[in-house]
Amino acid sequence: HSISDETLLGQMMEYVTKTDANTATIKANLSDTMLCKLLEGADFEKQYAQSVLEIALPHHLSFRLPQGFCLNAPDSKIDHEKWRLVIHRGFGHEGTPPEPSREVAKAQKHLEISEYIKVFAMKDGEYAAHCGAWYNGGNTAYIEPVATVPEHRGKGLGRAVVYEAVNRARQRGAKRAIVLSDQEFYKRIGMTKSSEVGTWVKNGK
């Protein structure tokens with residue numbers, strides 16, 4: 001038998017709360033008033049909200065790579081150490097990355113998943129920029145993460161890897177790509193705000 005949307009949402013919230021005994025976290029689009037109201041009623045607190053930026057994919061997005069750079073082929077083998085380095089340095093850390101933490105090791109496993117589209121801008125065999133995009137059917141691809149090493153910023157590599165990643169998602173059937181971010185970079189490459197997602201937290205007693 002069918003159940004109401006409100007009942008189903010309540011059951012999902014209850015499952016999350018039981019699964020994580022310490023701190024339960026749920027992301028909810030602020031336009032989903034039913035879910036937001038249920039979260040408030042269940043003593044969840046909205047911690048912060050992020051913009052959902054979107055770009056439609058009616059056609060191939062074109063870009064230009066600087067001289068000396070190329071992109072990896074869709075079926076190319078990914079060098080895990082070079083991936084860790086571009087993520088490490090692209091997110092503001094100096095030197096070489098330490099041994100992978102549990103979080104990094106988990107993210108590294110995504111490199112073997114076909115639903116995770118992996119695009120790298122390379123020069124002389126080194127990864128200079130990276131964009132990942134998640135696509136598992138349907139209309140929407142999800143961009144996460146994007147990183148460019150400091151010495152190669154300002155060359156258009158960020159735009160190139162994002163556009164190539166969403167172009168590859170488009171070839172698989174995506175009609176749009178979104179990212180949870182308020183960064184100006186995404187707005188400069190043509191993404192516009194479509195909604196907001198709040199992060200709601202319930203602390204365990």
# chains A, B, ... in the order shown; residues from 1 in each chain; ligands from 1

$ residues_around --residues "A:Lys175" --least-positions-apart "3" --cutoff "9 Å" --atoms "only C-alpha atoms" --output "PyMOL selection string"
chain A and resi 55-58+138-141+169-170

$ residues_around --residues "stretch 106-111 of chain A" --least-positions-apart "6" --cutoff "9 Å" --atoms "only C-alpha atoms" --output "VMD selection string"
chain A and resid 78 80 83 to 84 100 117 to 118

$ residues_around --residues "A:Tyr127" --least-positions-apart "6" --cutoff "8 Å" --atoms "only C-alpha atoms" --output "PyMOL selection string"
chain A and resi 82-83+86+120-121

$ write_last_selection --atoms "all heavy atoms" --output "mmCIF file, in the first residue's frame"
data_model
loop_
_atom_site.group_PDB
_atom_site.id
_atom_site.type_symbol
_atom_site.label_atom_id
_atom_site.label_comp_id
_atom_site.auth_asym_id
_atom_site.auth_seq_id
_atom_site.Cartn_x
_atom_site.Cartn_y
_atom_site.Cartn_z
ATOM 1 N N LYS A 82 49.327 11.050 -7.899
ATOM 2 C CA LYS A 82 49.194 12.361 -8.545
ATOM 3 C C LYS A 82 47.826 12.971 -8.250
ATOM 4 O O LYS A 82 47.696 14.186 -8.111
ATOM 5 C CB LYS A 82 49.408 12.223 -10.055
ATOM 6 C CG LYS A 82 50.849 11.904 -10.441
ATOM 7 C CD LYS A 82 51.005 11.772 -11.942
ATOM 8 C CE LYS A 82 52.441 11.441 -12.316
ATOM 9 N NZ LYS A 82 52.605 11.271 -13.788
ATOM 10 N N TRP A 83 46.801 12.123 -8.135
ATOM 11 C CA TRP A 83 45.466 12.611 -7.761
ATOM 12 C C TRP A 83 45.511 13.210 -6.358
ATOM 13 O O TRP A 83 44.995 14.300 -6.121
ATOM 14 C CB TRP A 83 44.453 11.467 -7.832
ATOM 15 C CG TRP A 83 43.129 11.818 -7.209
ATOM 16 C CD1 TRP A 83 42.117 12.516 -7.784
ATOM 17 C CD2 TRP A 83 42.693 11.487 -5.881
ATOM 18 N NE1 TRP A 83 41.063 12.649 -6.900
ATOM 19 C CE2 TRP A 83 41.401 12.032 -5.725
ATOM 20 C CE3 TRP A 83 43.268 10.797 -4.814
ATOM 21 C CZ2 TRP A 83 40.670 11.897 -4.543
ATOM 22 C CZ3 TRP A 83 42.551 10.665 -3.644
ATOM 23 C CH2 TRP A 83 41.266 11.206 -3.515
ATOM 24 N N VAL A 86 47.272 16.688 -6.458
ATOM 25 C CA VAL A 86 46.516 17.812 -7.017
ATOM 26 C C VAL A 86 45.387 18.225 -6.068
ATOM 27 O O VAL A 86 45.089 19.416 -5.921
ATOM 28 C CB VAL A 86 45.985 17.502 -8.442
ATOM 29 C CG1 VAL A 86 44.823 16.519 -8.436
ATOM 30 C CG2 VAL A 86 45.545 18.779 -9.155
ATOM 31 N N PHE A 120 41.247 15.415 -15.712
ATOM 32 C CA PHE A 120 42.478 16.060 -15.264
ATOM 33 C C PHE A 120 43.066 16.876 -16.413
ATOM 34 O O PHE A 120 43.106 16.406 -17.554
ATOM 35 C CB PHE A 120 43.512 15.022 -14.831
ATOM 36 C CG PHE A 120 43.101 14.225 -13.630
ATOM 37 C CD1 PHE A 120 42.376 13.045 -13.770
ATOM 38 C CD2 PHE A 120 43.411 14.655 -12.352
ATOM 39 C CE1 PHE A 120 41.979 12.305 -12.671
ATOM 40 C CE2 PHE A 120 43.020 13.921 -11.237
ATOM 41 C CZ PHE A 120 42.307 12.749 -11.397
ATOM 42 N N ALA A 121 43.521 18.091 -16.096
ATOM 43 C CA ALA A 121 44.363 18.846 -17.021
ATOM 44 C C ALA A 121 45.800 18.527 -16.651
ATOM 45 O O ALA A 121 46.182 18.619 -15.472
ATOM 46 C CB ALA A 121 44.093 20.341 -16.895
#

$ residues_around --residues "A:Gln171" --least-positions-apart "4" --cutoff "9 Å" --atoms "only C-alpha atoms" --output "list in words"
His60, Val166 and Asn167 of chain A

$ write_last_selection --atoms "C-alpha atoms" --output "PDB file, in the first residue's frame"
ATOM      1  CA  HIS A  60      28.595  20.834 -25.888  1.00  0.00           C
ATOM      2  CA  VAL A 166      29.951  17.999 -17.657  1.00  0.00           C
ATOM      3  CA  ASN A 167      30.373  17.408 -21.401  1.00  0.00           C
TER       4      ASN A 167
END

$ closest_residue --among "A:His59, A:Gly68, A:Glu99, A:Leu85" --to "A:Gly173" --atoms "only C-alpha atoms"
A:His59

$ closest_residue --among "A:Val179, A:Ile26, A:Val197, A:Leu39" --to "A:Val146" --atoms "only C-alpha atoms"
A:Val179

$ closest_residue --among "A:Ala24, A:Val52, A:Leu61, A:Leu38" --to "A:Thr192" --atoms "only C-alpha atoms"
A:Val52

$ residues_around --residues "A:Pro98" --least-positions-apart "6" --cutoff "12 Å" --atoms "only C-alpha atoms" --output "list in words"
Glu81, Arg84, Leu85, His88, Arg89, Val104 and Ala105 of chain A

$ closest_residue --among "A:Leu65, A:Glu151, A:Ile178, A:Tyr163" --to "A:Tyr135" --atoms "only C-alpha atoms"
A:Ile178

$ residues_around --residues "A:Arg188" --least-positions-apart "2" --cutoff "12 Å" --atoms "only C-alpha atoms" --output "ChimeraX atom specification"
/A:53,55,156,158-159,182-186,190-192

$ write_last_selection --atoms "C-alpha atoms" --output "short mmCIF file (atom, residue, chain, number, x, y, z; two decimals), in the first residue's frame"
data_model
loop_
_atom_site.label_atom_id
_atom_site.label_comp_id
_atom_site.auth_asym_id
_atom_site.auth_seq_id
_atom_site.Cartn_x
_atom_site.Cartn_y
_atom_site.Cartn_z
CA LEU A 53 24.37 26.55 -8.75
CA ILE A 55 24.25 25.01 -15.70
CA GLY A 156 41.48 28.69 -17.64
CA GLY A 158 39.35 25.18 -13.89
CA ARG A 159 36.84 26.07 -16.59
CA ASP A 182 28.79 30.07 -3.37
CA GLN A 183 32.16 30.54 -5.07
CA GLU A 184 32.38 33.24 -7.73
CA PHE A 185 34.38 30.89 -9.95
CA TYR A 186 31.29 28.86 -10.80
CA GLY A 190 28.08 30.38 -16.46
CA MET A 191 26.43 28.70 -13.49
CA THR A 192 23.43 30.40 -11.90
#

$ closest_residue --among "A:Val201, A:Cys70, A:Ala28, A:Ala177" --to "A:His130" --atoms "only C-alpha atoms"
A:Cys70

$ closest_residue --among "A:Leu30, A:Ser62, A:Gly92, A:Thr25" --to "A:Glu45" --atoms "only C-alpha atoms"
A:Thr25

$ atom_distance --atom1 "atom CA of A:Gly137" --atom2 "atom CA of A:Ala174"
7.1 Å

$ select_by_dssp --residues "stretch 46-161 of chain A" --states "alpha helix (DSSP H)" --output "PyMOL selection string"
chain A and resi 80-90+102-109+157-161

$ atom_distance --atom1 "atom CA of A:Gln11" --atom2 "atom CA of A:Glu144"
28.6 Å

$ residues_around --residues "A:Leu157" --least-positions-apart "5" --cutoff "8 Å" --atoms "only C-alpha atoms" --output "list in words"
Leu65, Pro66, Ala121, Ala128, Ala129, Thr148 and His152 of chain A
